[in-house]
$ cat final11.txt   # compact mmCIF, C-alpha atoms
# COMPACT_ATOMS: atom_id res chain seq x y z
CA MET R 1 28.87 -16.52 216.27
CA THR R 2 28.57 -20.23 215.44
CA PRO R 3 29.51 -21.65 212.01
CA SER R 4 25.85 -22.37 211.24
CA ALA R 5 24.92 -18.80 212.11
CA ASP R 6 27.75 -17.56 209.87
CA ARG R 7 26.48 -19.64 206.97
CA ARG R 8 22.91 -18.44 207.53
CA ARG R 9 24.05 -14.81 207.63
CA ALA R 10 26.09 -15.28 204.46
CA ALA R 11 23.17 -16.89 202.65
CA LEU R 12 20.81 -14.10 203.69
CA THR R 13 23.30 -11.45 202.60
CA LEU R 14 23.79 -12.97 199.15
CA ALA R 15 20.07 -13.59 198.73
CA GLY R 16 19.31 -9.98 199.64
CA LEU R 17 21.90 -8.66 197.19
CA ALA R 18 20.64 -10.98 194.43
CA ALA R 19 17.06 -9.78 195.00
CA ALA R 20 18.23 -6.15 194.94
CA LEU R 21 20.05 -6.79 191.65
CA VAL R 22 16.92 -8.27 190.07
CA LEU R 23 14.87 -5.24 191.17
CA ALA R 24 17.55 -2.81 189.92
CA MET R 25 17.69 -4.55 186.54
CA LEU R 26 13.89 -4.55 186.28
CA ALA R 27 13.91 -0.80 186.98
CA GLY R 28 16.71 -0.31 184.44
CA VAL R 29 14.70 -2.05 181.70
CA ALA R 30 11.35 -0.49 182.60
CA LEU R 31 12.40 3.15 183.04
CA GLY R 32 13.53 5.43 180.23
CA ALA R 33 12.26 7.77 177.55
CA VAL R 34 9.37 5.32 177.02
CA PRO R 35 8.34 4.01 180.46
CA LEU R 36 7.19 0.40 180.56
CA SER R 37 5.35 -1.55 183.22
CA ALA R 38 6.80 -4.60 184.92
CA GLU R 39 4.21 -6.72 183.13
CA GLU R 40 5.33 -5.40 179.74
CA VAL R 41 8.96 -6.15 180.55
CA VAL R 42 8.23 -9.70 181.75
CA GLY R 43 5.92 -10.28 178.76
CA ALA R 44 8.55 -9.09 176.29
CA VAL R 45 11.18 -11.41 177.74
CA SER R 46 8.72 -14.31 177.80
CA ARG R 47 7.71 -13.77 174.16
CA ALA R 48 11.36 -13.51 173.13
CA LEU R 49 12.14 -16.83 174.82
CA THR R 50 9.13 -18.63 173.35
CA GLY R 51 9.15 -16.90 169.95
CA HIS R 52 5.48 -15.88 170.17
CA GLY R 53 4.71 -12.50 168.59
CA SER R 54 6.51 -9.18 168.80
CA THR R 55 5.48 -5.64 169.67
CA LEU R 56 7.18 -2.24 169.76
CA ALA R 57 7.66 -2.66 173.51
CA ASP R 58 9.32 -6.01 172.85
CA ALA R 59 11.81 -4.37 170.49
CA VAL R 60 12.61 -1.67 173.07
CA VAL R 61 13.17 -4.26 175.78
CA ILE R 62 15.01 -6.99 173.86
CA ASP R 63 17.06 -4.97 171.38
CA LEU R 64 17.87 -1.84 173.41
CA ARG R 65 17.39 -1.90 177.15
CA LEU R 66 17.96 -5.50 178.22
CA PRO R 67 21.43 -5.89 176.66
CA ARG R 68 22.42 -2.49 178.06
CA VAL R 69 21.24 -3.36 181.58
CA LEU R 70 22.91 -6.77 181.48
CA LEU R 71 26.12 -5.16 180.26
CA ALA R 72 25.98 -2.60 183.07
CA ALA R 73 25.65 -5.42 185.59
CA LEU R 74 28.57 -7.32 184.04
CA VAL R 75 30.82 -4.24 183.94
CA GLY R 76 30.04 -3.38 187.55
CA ALA R 77 30.66 -6.96 188.63
CA SER R 78 33.98 -7.07 186.73
CA LEU R 79 35.28 -3.85 188.25
CA ALA R 80 34.22 -4.86 191.76
CA LEU R 81 35.89 -8.27 191.38
CA ALA R 82 39.12 -6.62 190.23
CA GLY R 83 38.95 -4.20 193.15
CA VAL R 84 38.69 -7.06 195.67
CA LEU R 85 41.70 -8.81 194.12
CA TYR R 86 43.88 -5.70 194.01
CA GLN R 87 43.00 -4.74 197.58
CA ALA R 88 43.85 -8.22 198.85
CA LEU R 89 47.10 -8.62 196.90
CA PHE R 90 48.41 -5.17 197.78
CA LYS R 91 46.87 -5.09 201.28
CA ASN R 92 45.58 -1.61 200.53
CA PRO R 93 41.87 -0.64 200.78
CA LEU R 94 42.46 2.25 198.36
CA ALA R 95 43.59 0.04 195.48
CA ASP R 96 41.30 -0.26 192.48
CA PRO R 97 41.69 -0.52 188.68
CA TYR R 98 41.16 3.22 188.15
CA VAL R 99 43.42 4.49 190.93
CA LEU R 100 46.21 2.04 190.03
CA GLY R 101 46.17 3.17 186.41
CA VAL R 102 45.10 -0.23 185.07
CA SER R 103 41.94 1.21 183.53
CA SER R 104 43.99 3.92 181.81
CA GLY R 105 46.40 1.28 180.49
CA ALA R 106 43.50 -0.76 179.16
CA GLY R 107 42.07 2.42 177.65
CA LEU R 108 45.32 3.22 175.85
CA GLY R 109 45.56 -0.34 174.52
CA ALA R 110 41.98 -0.23 173.28
CA THR R 111 42.51 3.21 171.69
CA LEU R 112 45.57 1.97 169.83
CA ALA R 113 43.58 -1.04 168.64
CA ILE R 114 40.79 1.20 167.34
CA THR R 115 43.33 3.47 165.64
CA VAL R 116 45.19 0.59 163.99
CA PHE R 117 42.37 -1.81 163.15
CA GLY R 118 39.48 0.62 162.67
CA THR R 119 35.96 0.53 164.07
CA SER R 120 34.54 -2.49 162.25
CA TYR R 121 32.65 -5.09 164.29
CA ALA R 122 35.45 -7.64 163.88
CA ALA R 123 38.07 -5.12 165.00
CA ARG R 124 36.07 -4.16 168.08
CA ALA R 125 35.25 -7.78 168.91
CA VAL R 126 38.85 -9.03 168.71
CA GLY R 127 41.35 -6.17 168.50
CA VAL R 128 39.92 -3.96 171.25
CA PRO R 129 39.76 -6.67 173.98
CA ILE R 130 43.28 -7.87 173.11
CA GLY R 131 44.64 -4.31 173.14
CA ALA R 132 42.86 -3.55 176.42
CA PHE R 133 44.21 -6.72 178.06
CA ALA R 134 47.77 -6.01 176.93
CA GLY R 135 47.52 -2.43 178.20
CA ALA R 136 46.09 -3.54 181.55
CA VAL R 137 48.74 -6.21 182.16
CA GLY R 138 51.60 -3.97 181.07
CA THR R 139 50.43 -1.11 183.28
CA MET R 140 49.99 -3.36 186.32
CA LEU R 141 53.51 -4.76 185.92
CA LEU R 142 54.96 -1.25 185.57
CA VAL R 143 53.12 0.10 188.63
CA VAL R 144 54.20 -2.87 190.74
CA ARG R 145 57.80 -2.46 189.60
CA LEU R 146 57.85 1.24 190.47
CA ALA R 147 56.26 0.67 193.88
CA SER R 148 58.51 -2.24 194.92
CA ARG R 149 61.23 -1.65 197.48
CA ARG R 150 63.56 -4.61 198.08
CA GLY R 151 60.92 -7.07 197.01
CA ARG R 152 58.12 -5.45 199.04
CA LEU R 153 55.26 -3.26 197.88
CA ASP R 154 54.97 0.08 199.64
CA PRO R 155 51.24 1.08 199.82
CA THR R 156 51.92 4.80 199.49
CA SER R 157 54.31 4.31 196.58
CA LEU R 158 51.73 2.04 194.94
CA LEU R 159 49.08 4.75 194.96
CA LEU R 160 51.48 7.46 193.81
CA ALA R 161 52.84 5.26 191.01
CA GLY R 162 49.33 4.34 189.92
CA ILE R 163 48.15 7.94 189.80
CA ALA R 164 51.29 9.10 187.98
CA ILE R 165 51.06 6.29 185.42
CA SER R 166 47.34 6.95 184.96
CA TYR R 167 47.94 10.60 184.09
CA THR R 168 50.80 9.68 181.76
CA LEU R 169 48.76 7.07 179.91
CA SER R 170 45.79 9.43 179.60
CA ALA R 171 48.12 11.99 178.03
CA LEU R 172 49.48 9.35 175.64
CA THR R 173 45.93 8.41 174.67
CA SER R 174 45.16 12.05 173.89
CA PHE R 175 48.39 12.25 171.90
CA VAL R 176 47.33 9.25 169.81
CA LEU R 177 43.98 10.88 169.10
CA VAL R 178 45.68 14.00 167.74
CA PHE R 179 46.94 11.87 164.85
CA ASP R 180 43.59 10.17 164.29
CA ARG R 181 41.07 12.99 164.27
CA GLN R 182 38.47 10.94 162.42
CA SER R 183 37.86 8.70 165.41
CA MET R 184 38.55 11.36 168.05
CA THR R 185 34.93 12.14 168.92
CA SER R 186 33.86 8.52 169.28
CA VAL R 187 36.95 7.58 171.30
CA VAL R 188 36.62 10.61 173.62
CA PHE R 189 33.01 9.73 174.45
CA TRP R 190 34.02 6.09 174.84
CA MET R 191 36.75 7.09 177.34
CA MET R 192 34.18 8.94 179.44
CA GLY R 193 32.52 5.60 180.07
CA GLY R 194 29.20 4.68 178.58
CA LEU R 195 26.92 1.84 177.57
CA ALA R 196 24.92 3.40 174.75
CA ASN R 197 24.51 1.49 171.47
CA ARG R 198 25.85 -1.75 172.90
CA SER R 199 24.60 -5.08 171.56
CA TRP R 200 24.18 -8.69 172.64
CA GLY R 201 27.62 -9.38 171.17
CA HIS R 202 29.18 -7.16 173.84
CA VAL R 203 27.20 -9.03 176.51
CA VAL R 204 28.51 -12.38 175.28
CA LEU R 205 32.10 -11.09 175.11
CA LEU R 206 32.15 -9.68 178.63
CA THR R 207 30.32 -12.70 180.05
CA ALA R 208 33.08 -14.94 178.71
CA MET R 209 35.89 -12.72 180.04
CA LEU R 210 34.27 -12.34 183.46
CA ALA R 211 33.68 -16.09 183.71
CA ALA R 212 37.33 -16.80 182.83
CA GLY R 213 38.60 -14.17 185.25
CA SER R 214 36.43 -15.49 188.09
CA VAL R 215 38.00 -18.95 188.13
CA VAL R 216 41.08 -18.04 190.18
CA PRO R 217 39.31 -16.02 192.92
CA ALA R 218 36.52 -18.61 193.16
CA LEU R 219 38.98 -21.47 193.69
CA TYR R 220 41.49 -19.64 195.89
CA SER R 221 39.49 -17.51 198.32
CA ARG R 222 41.44 -19.01 201.25
CA GLU R 223 44.72 -17.95 199.66
CA LEU R 224 43.38 -14.41 199.32
CA ASP R 225 42.56 -14.43 203.04
CA LEU R 226 46.11 -15.54 203.84
CA MET R 227 47.63 -12.85 201.60
CA LEU R 228 46.20 -10.25 203.98
CA LEU R 229 48.65 -11.55 206.61
CA GLY R 230 51.62 -10.52 204.46
CA ASP R 231 53.70 -12.31 201.85
CA GLU R 232 56.08 -13.94 204.35
CA ARG R 233 53.34 -15.30 206.60
CA ALA R 234 51.25 -16.46 203.62
CA GLY R 235 54.27 -18.33 202.27
CA GLN R 236 54.81 -20.02 205.63
CA LEU R 237 51.20 -21.20 205.55
CA GLY R 238 51.65 -22.87 202.18
CA VAL R 239 50.74 -20.19 199.63
CA PRO R 240 53.07 -20.07 196.57
CA VAL R 241 53.10 -16.29 196.86
CA GLU R 242 54.73 -15.19 193.61
CA ARG R 243 52.87 -17.69 191.43
CA PHE R 244 49.58 -16.85 193.12
CA LYS R 245 50.15 -13.12 192.61
CA ILE R 246 50.72 -13.68 188.89
CA LEU R 247 47.52 -15.74 188.61
CA ALA R 248 45.43 -13.26 190.58
CA LEU R 249 46.83 -10.19 188.80
CA GLY R 250 46.21 -11.89 185.45
CA ALA R 251 42.61 -12.61 186.44
CA ALA R 252 42.08 -9.03 187.61
CA SER R 253 43.63 -7.60 184.45
CA LEU R 254 41.44 -9.85 182.30
CA VAL R 255 38.17 -8.67 183.82
CA VAL R 256 39.29 -5.03 183.77
CA ALA R 257 40.23 -5.37 180.10
CA GLY R 258 36.83 -6.87 179.35
CA ALA R 259 35.01 -4.06 181.16
CA VAL R 260 37.07 -1.30 179.53
CA SER R 261 36.79 -2.80 176.05
CA VAL R 262 32.97 -2.63 176.11
CA SER R 263 32.28 0.40 178.31
CA GLY R 264 35.31 2.68 178.27
CA LEU R 265 36.79 4.12 181.47
CA ILE R 266 34.47 3.86 184.46
CA GLY R 267 36.16 4.72 187.73
CA PHE R 268 35.72 4.10 191.43
CA VAL R 269 33.30 1.12 191.28
CA GLY R 270 36.23 -1.18 192.07
CA LEU R 271 37.16 1.06 195.00
CA MET R 272 33.77 1.78 196.53
CA MET R 273 31.87 -1.48 196.37
CA PRO R 274 34.44 -3.90 197.92
CA HIS R 275 35.13 -1.42 200.70
CA MET R 276 31.44 -0.86 201.48
CA VAL R 277 30.69 -4.58 201.37
CA ARG R 278 33.69 -5.35 203.59
CA LEU R 279 32.24 -3.06 206.28
CA VAL R 280 29.11 -5.24 206.31
CA VAL R 281 30.31 -8.82 205.73
CA GLY R 282 33.90 -8.66 206.96
CA PRO R 283 37.20 -9.49 205.23
CA ARG R 284 36.76 -13.21 204.46
CA HIS R 285 36.84 -13.59 200.69
CA ARG R 286 34.52 -16.57 200.49
CA LEU R 287 31.66 -14.15 201.16
CA LEU R 288 33.34 -10.86 200.22
CA LEU R 289 33.94 -11.89 196.59
CA PRO R 290 30.37 -12.83 195.57
CA ALA R 291 28.87 -10.03 197.68
CA SER R 292 31.13 -7.43 196.06
CA VAL R 293 30.36 -8.76 192.58
CA LEU R 294 26.61 -8.44 193.22
CA ALA R 295 27.02 -5.00 194.81
CA GLY R 296 29.13 -3.78 191.89
CA ALA R 297 26.49 -4.98 189.44
CA ILE R 298 23.73 -3.21 191.38
CA ALA R 299 25.74 0.03 191.62
CA LEU R 300 26.46 0.30 187.90
CA VAL R 301 22.94 -0.66 186.82
CA LEU R 302 21.59 2.16 189.01
CA ALA R 303 24.32 4.58 187.90
CA ASP R 304 23.51 3.89 184.24
CA LEU R 305 19.80 4.33 184.92
CA LEU R 306 20.54 7.69 186.53
CA ALA R 307 22.83 8.68 183.65
CA ARG R 308 20.13 8.21 181.01
CA THR R 309 17.12 9.53 182.93
CA VAL R 310 18.18 12.45 185.13
CA LEU R 311 18.59 14.88 182.19
CA ALA R 312 16.55 12.97 179.58
CA PRO R 313 16.59 13.13 176.60
CA VAL R 314 20.27 14.12 177.15
CA GLU R 315 22.36 11.15 178.30
CA ILE R 316 25.26 11.62 180.71
CA PRO R 317 28.25 9.27 180.30
CA VAL R 318 28.00 6.82 183.18
CA GLY R 319 31.70 7.35 183.97
CA ILE R 320 30.85 10.91 185.01
CA VAL R 321 28.17 9.64 187.41
CA THR R 322 30.53 7.15 189.09
CA ALA R 323 33.28 9.78 189.31
CA LEU R 324 30.92 12.25 190.99
CA ALA R 325 30.11 9.58 193.58
CA GLY R 326 33.59 8.09 193.82
CA GLY R 327 35.59 11.30 194.26
CA PRO R 328 34.02 12.24 197.62
CA PHE R 329 34.12 8.58 198.69
CA PHE R 330 37.86 8.42 197.99
CA ILE R 331 38.42 11.59 200.05
CA TRP R 332 36.38 10.09 202.90
CA LEU R 333 38.51 6.94 202.83
CA LEU R 334 41.72 8.97 202.99
CA VAL R 335 40.44 11.04 205.92
CA ARG R 336 39.20 7.93 207.73
CA LYS R 337 42.53 6.17 207.22
CA GLU R 338 44.43 9.13 208.70
CA ARG R 339 42.12 9.25 211.72
CA VAL R 340 42.65 5.54 212.37
CA ARG R 341 46.40 6.16 212.45
$ encode --input "final11.txt" --output "structure tokens"
Amino acid sequence: MTPSADRRRAALTLAGLAAALVLAMLAGVALGAVPLSAEEVVGAVSRALTGHGSTLADAVVIDLRLPRVLLAALVGASLALAGVLYQALFKNPLADPYVLGVSSGAGLGATLAITVFGTSYAARAVGVPIGAFAGAVGTMLLVVRLASRRGRLDPTSLLLAGIAISYTLSALTSFVLVFDRQSMTSVVFWMMGGLANRSWGHVVLLTAMLAAGSVVPALYSRELDLMLLGDERAGQLGVPVERFKILALGAASLVVAGAVSVSGLIGFVGLMMPHMVRLVVGPRHRLLLPASVLAGAIALVLADLLARTVLAPVEIPVGIVTALAGGPFFIWLLVRKERVR
């Protein structure tokens, strides 16, 4: 395939994913306990932008559904971006924030922040993201340390260390809640993963963290490609391996912390979407990164829509929906990997 054909295929892929995301978000805003038409949704957004009038439908769209749908897209994009980075750095298609225990570490950090600083808006806006980031970074460093053998990361040890650390941190989180029964119910539901009662402030927060975390992968997609060749070969081709790993792991931990701090623990998006996109567009990160981000956003918008409509008026935590989809997918990946061997 010629370079021009490659560029055309990449443009069509991204355009198709962007169009699918717009349609998914439109469905997410329009569907719910009070169904709205596409015209009502577009009209509500238009009136909000121009400041002309306000109706009950406008309030439903602008104050409730639109921030929730945007947040779902941002969380899905963040988790998918982190999944791409982890899979490239560790050269393991099964690596993702949930499996590696990073989400659990961020969850423990956020839980400690809620316990110490309370549930005020200021505490949630500042303390929870900082606690989640510290937990994510600390967990990632611990998992890497446990899985390293003579300076090299063993893929099997990485998964085992991640799963073991994840269970341990989940137990520690439960232990913390025993001593803070007043916030137990809210924290437990938060840990299941959900986007209910989120505001525009959460959207702004996660947008900023995702934008900051996207800088490194956007600028260094070639280096990510070279990392797939192995640390030694990447170093020979000019990649400052250790420094680049620190930058990329920091970026991944930042976006995971942002996602966890606003939505709780949502698993398997970072595992499923990069892997599925890679089967379609190939391993080159210049296309894989934006395509995975869009696919992750689409997946979580649809998962959240399913979570709040399938048993309406009862709302299922979206983390349960992604786990129900991700569990079988993870098993399929393991079986497929064994057959390839």
$ residues_around --input "final11.txt" --residues "R:Ala82" --least-positions-apart "4" --cutoff "8 Å" --atoms "all atoms listed in the file" --output "ChimeraX atom specification"
/R:78,86,96-97,251-253,255-256,270
$ closest_residue --input "final11.txt" --among "R:Leu249, R:Leu288, R:Leu66, R:Met227" --to "R:Val144" --atoms "only C-alpha atoms"
R:Leu249
$ residues_around --input "final11.txt" --residues "R:Ala259" --least-positions-apart "2" --cutoff "10 Å" --atoms "only C-alpha atoms" --output "number ranges by chain"
R: 71-72, 74-79, 103, 106, 129, 132, 202, 205-207, 209-210, 253-257, 261-266
$ closest_residue --input "final11.txt" --among "R:Ser46, R:Ser54, R:Ser157, R:Thr111" --to "R:Phe175" --atoms "all atoms listed in the file"
R:Thr111
$ residues_around --input "final11.txt" --residues "R:Leu23" --least-positions-apart "3" --cutoff "12 Å" --atoms "only C-alpha atoms" --output "list in words"
Gly16, Leu17, Ala18, Ala19, Ala20, Leu26, Ala27, Gly28, Val29, Ala30, Leu31, Ala38, Val69, Ala297, Ile298, Val301 and Leu302 of chain R
$ residues_around --input "final11.txt" --residues "R:Phe244" --least-positions-apart "2" --cutoff "10 Å" --atoms "all atoms listed in the file" --output "count of residues only"
15
$ closest_residue --input "final11.txt" --among "R:Gly258, R:Met25, R:Val269, R:Ala295" --to "R:Val128" --atoms "only C-alpha atoms"
R:Gly258
$ residues_around --input "final11.txt" --residues "R:Gly327" --least-positions-apart "4" --cutoff "8 Å" --atoms "all atoms listed in the file" --output "ChimeraX atom specification"
/R:268,323,331
$ atom_distance --input "final11.txt" --atom1 "atom CA of R:Leu219" --atom2 "atom CA of R:Val99"
26.5 Å
$ atom_distance --input "final11.txt" --atom1 "atom CA of R:Ala15" --atom2 "atom CA of R:Met276"
17.3 Å
$ atom_distance --input "final11.txt" --atom1 "atom CA of R:Gly319" --atom2 "atom CA of R:Gly193"
4.4 Å
$ residues_near_point --input "final11.txt" --point "(43.0, -13.6, 199.3)" --cutoff "10 Å" --atoms "all atoms listed in the file" --output "JSON, numbers by chain"
{"R": [84, 85, 86, 87, 88, 89, 91, 217, 220, 221, 222, 223, 224, 225, 226, 227, 228, 229, 234, 244, 245, 248, 283, 284, 285, 286, 289]}
$ write_last_selection --input "final11.txt" --atoms "C-alpha atoms" --output "short mmCIF file (atom, residue, chain, number, x, y, z; two decimals), in the frame of the given file"
data_model
loop_
_atom_site.label_atom_id
_atom_site.label_comp_id
_atom_site.auth_asym_id
_atom_site.auth_seq_id
_atom_site.Cartn_x
_atom_site.Cartn_y
_atom_site.Cartn_z
CA VAL R 84 38.69 -7.06 195.67
CA LEU R 85 41.70 -8.81 194.12
CA TYR R 86 43.88 -5.70 194.01
CA GLN R 87 43.00 -4.74 197.58
CA ALA R 88 43.85 -8.22 198.85
CA LEU R 89 47.10 -8.62 196.90
CA LYS R 91 46.87 -5.09 201.28
CA PRO R 217 39.31 -16.02 192.92
CA TYR R 220 41.49 -19.64 195.89
CA SER R 221 39.49 -17.51 198.32
CA ARG R 222 41.44 -19.01 201.25
CA GLU R 223 44.72 -17.95 199.66
CA LEU R 224 43.38 -14.41 199.32
CA ASP R 225 42.56 -14.43 203.04
CA LEU R 226 46.11 -15.54 203.84
CA MET R 227 47.63 -12.85 201.60
CA LEU R 228 46.20 -10.25 203.98
CA LEU R 229 48.65 -11.55 206.61
CA ALA R 234 51.25 -16.46 203.62
CA PHE R 244 49.58 -16.85 193.12
CA LYS R 245 50.15 -13.12 192.61
CA ALA R 248 45.43 -13.26 190.58
CA PRO R 283 37.20 -9.49 205.23
CA ARG R 284 36.76 -13.21 204.46
CA HIS R 285 36.84 -13.59 200.69
CA ARG R 286 34.52 -16.57 200.49
CA LEU R 289 33.94 -11.89 196.59
#
$ closest_residue --input "final11.txt" --among "R:Phe117, R:Arg233, R:Ala10, R:Leu159" --to "R:Val280" --atoms "only C-alpha atoms"
R:Ala10
$ closest_residue --input "final11.txt" --among "R:Ala312, R:Leu12, R:Val60, R:Leu49" --to "R:Leu36" --atoms "only C-alpha atoms"
R:Val60
$ decode --input "final11.txt" --residues "stretch 106-172 of chain R" --atoms "C-alpha atoms" --output "JSON list (two decimals), in the first residue's frame"
[["chain", "number", "residue", "atom", "x", "y", "z"],
["R", 106, "ALA", "CA", -5.78, 5.36, 42.16],
["R", 107, "GLY", "CA", -8.96, 4.19, 43.89],
["R", 108, "LEU", "CA", -7.16, 3.72, 47.21],
["R", 109, "GLY", "CA", -5.55, 7.15, 46.92],
["R", 110, "ALA", "CA", -8.88, 8.77, 46.14],
["R", 111, "THR", "CA", -10.59, 6.91, 49.01],
["R", 112, "LEU", "CA", -7.95, 8.09, 51.46],
["R", 113, "ALA", "CA", -8.41, 11.64, 50.18],
["R", 114, "ILE", "CA", -12.18, 11.44, 50.71],
["R", 115, "THR", "CA", -11.68, 9.98, 54.19],
["R", 116, "VAL", "CA", -9.15, 12.64, 55.21],
["R", 117, "PHE", "CA", -10.51, 15.74, 53.50],
["R", 118, "GLY", "CA", -14.23, 14.95, 53.41],
["R", 119, "THR", "CA", -16.71, 15.18, 50.56],
["R", 120, "SER", "CA", -16.86, 18.94, 50.03],
["R", 121, "TYR", "CA", -16.58, 20.27, 46.49],
["R", 122, "ALA", "CA", -13.10, 21.70, 47.16],
["R", 123, "ALA", "CA", -11.90, 18.40, 48.61],
["R", 124, "ARG", "CA", -13.20, 16.43, 45.64],
["R", 125, "ALA", "CA", -11.84, 18.95, 43.13],
["R", 126, "VAL", "CA", -8.31, 19.03, 44.57],
["R", 127, "GLY", "CA", -7.73, 16.27, 47.12],
["R", 128, "VAL", "CA", -9.27, 13.37, 45.18],
["R", 129, "PRO", "CA", -7.32, 13.92, 41.91],
["R", 130, "ILE", "CA", -4.05, 14.37, 43.84],
["R", 131, "GLY", "CA", -4.70, 11.26, 45.92],
["R", 132, "ALA", "CA", -5.66, 9.26, 42.83],
["R", 133, "PHE", "CA", -2.53, 10.37, 40.95],
["R", 134, "ALA", "CA", -0.25, 9.50, 43.88],
["R", 135, "GLY", "CA", -1.90, 6.09, 44.21],
["R", 136, "ALA", "CA", -1.62, 5.40, 40.47],
["R", 137, "VAL", "CA", 2.06, 6.36, 40.24],
["R", 138, "GLY", "CA", 3.00, 4.49, 43.41],
["R", 139, "THR", "CA", 1.21, 1.34, 42.27],
["R", 140, "MET", "CA", 2.79, 1.43, 38.82],
["R", 141, "LEU", "CA", 6.28, 1.76, 40.30],
["R", 142, "LEU", "CA", 5.63, -1.13, 42.70],
["R", 143, "VAL", "CA", 4.26, -3.43, 39.98],
["R", 144, "VAL", "CA", 7.20, -2.67, 37.69],
["R", 145, "ARG", "CA", 9.65, -3.31, 40.52],
["R", 146, "LEU", "CA", 8.09, -6.67, 41.36],
["R", 147, "ALA", "CA", 7.98, -7.77, 37.72],
["R", 148, "SER", "CA", 11.57, -6.75, 36.87],
["R", 149, "ARG", "CA", 14.20, -9.44, 36.48],
["R", 150, "ARG", "CA", 17.76, -8.16, 35.97],
["R", 151, "GLY", "CA", 16.51, -4.92, 34.50],
["R", 152, "ARG", "CA", 13.95, -6.58, 32.21],
["R", 153, "LEU", "CA", 10.19, -6.79, 32.57],
["R", 154, "ASP", "CA", 8.76, -10.30, 32.41],
["R", 155, "PRO", "CA", 5.24, -10.14, 30.83],
["R", 156, "THR", "CA", 3.85, -12.99, 32.92],
["R", 157, "SER", "CA", 5.29, -11.59, 36.14],
["R", 158, "LEU", "CA", 3.86, -8.19, 35.21],
["R", 159, "LEU", "CA", 0.32, -9.55, 34.98],
["R", 160, "LEU", "CA", 0.65, -11.63, 38.14],
["R", 161, "ALA", "CA", 2.10, -8.70, 40.09],
["R", 162, "GLY", "CA", -0.63, -6.39, 38.82],
["R", 163, "ILE", "CA", -3.42, -8.76, 39.77],
["R", 164, "ALA", "CA", -1.91, -9.46, 43.20],
["R", 165, "ILE", "CA", -1.39, -5.76, 43.93],
["R", 166, "SER", "CA", -4.90, -4.97, 42.70],
["R", 167, "TYR", "CA", -6.47, -7.44, 45.14],
["R", 168, "THR", "CA", -4.28, -6.17, 47.98],
["R", 169, "LEU", "CA", -5.15, -2.53, 47.34],
["R", 170, "SER", "CA", -8.86, -3.35, 47.06],
["R", 171, "ALA", "CA", -8.63, -5.05, 50.45],
["R", 172, "LEU", "CA", -6.85, -2.01, 51.90]]
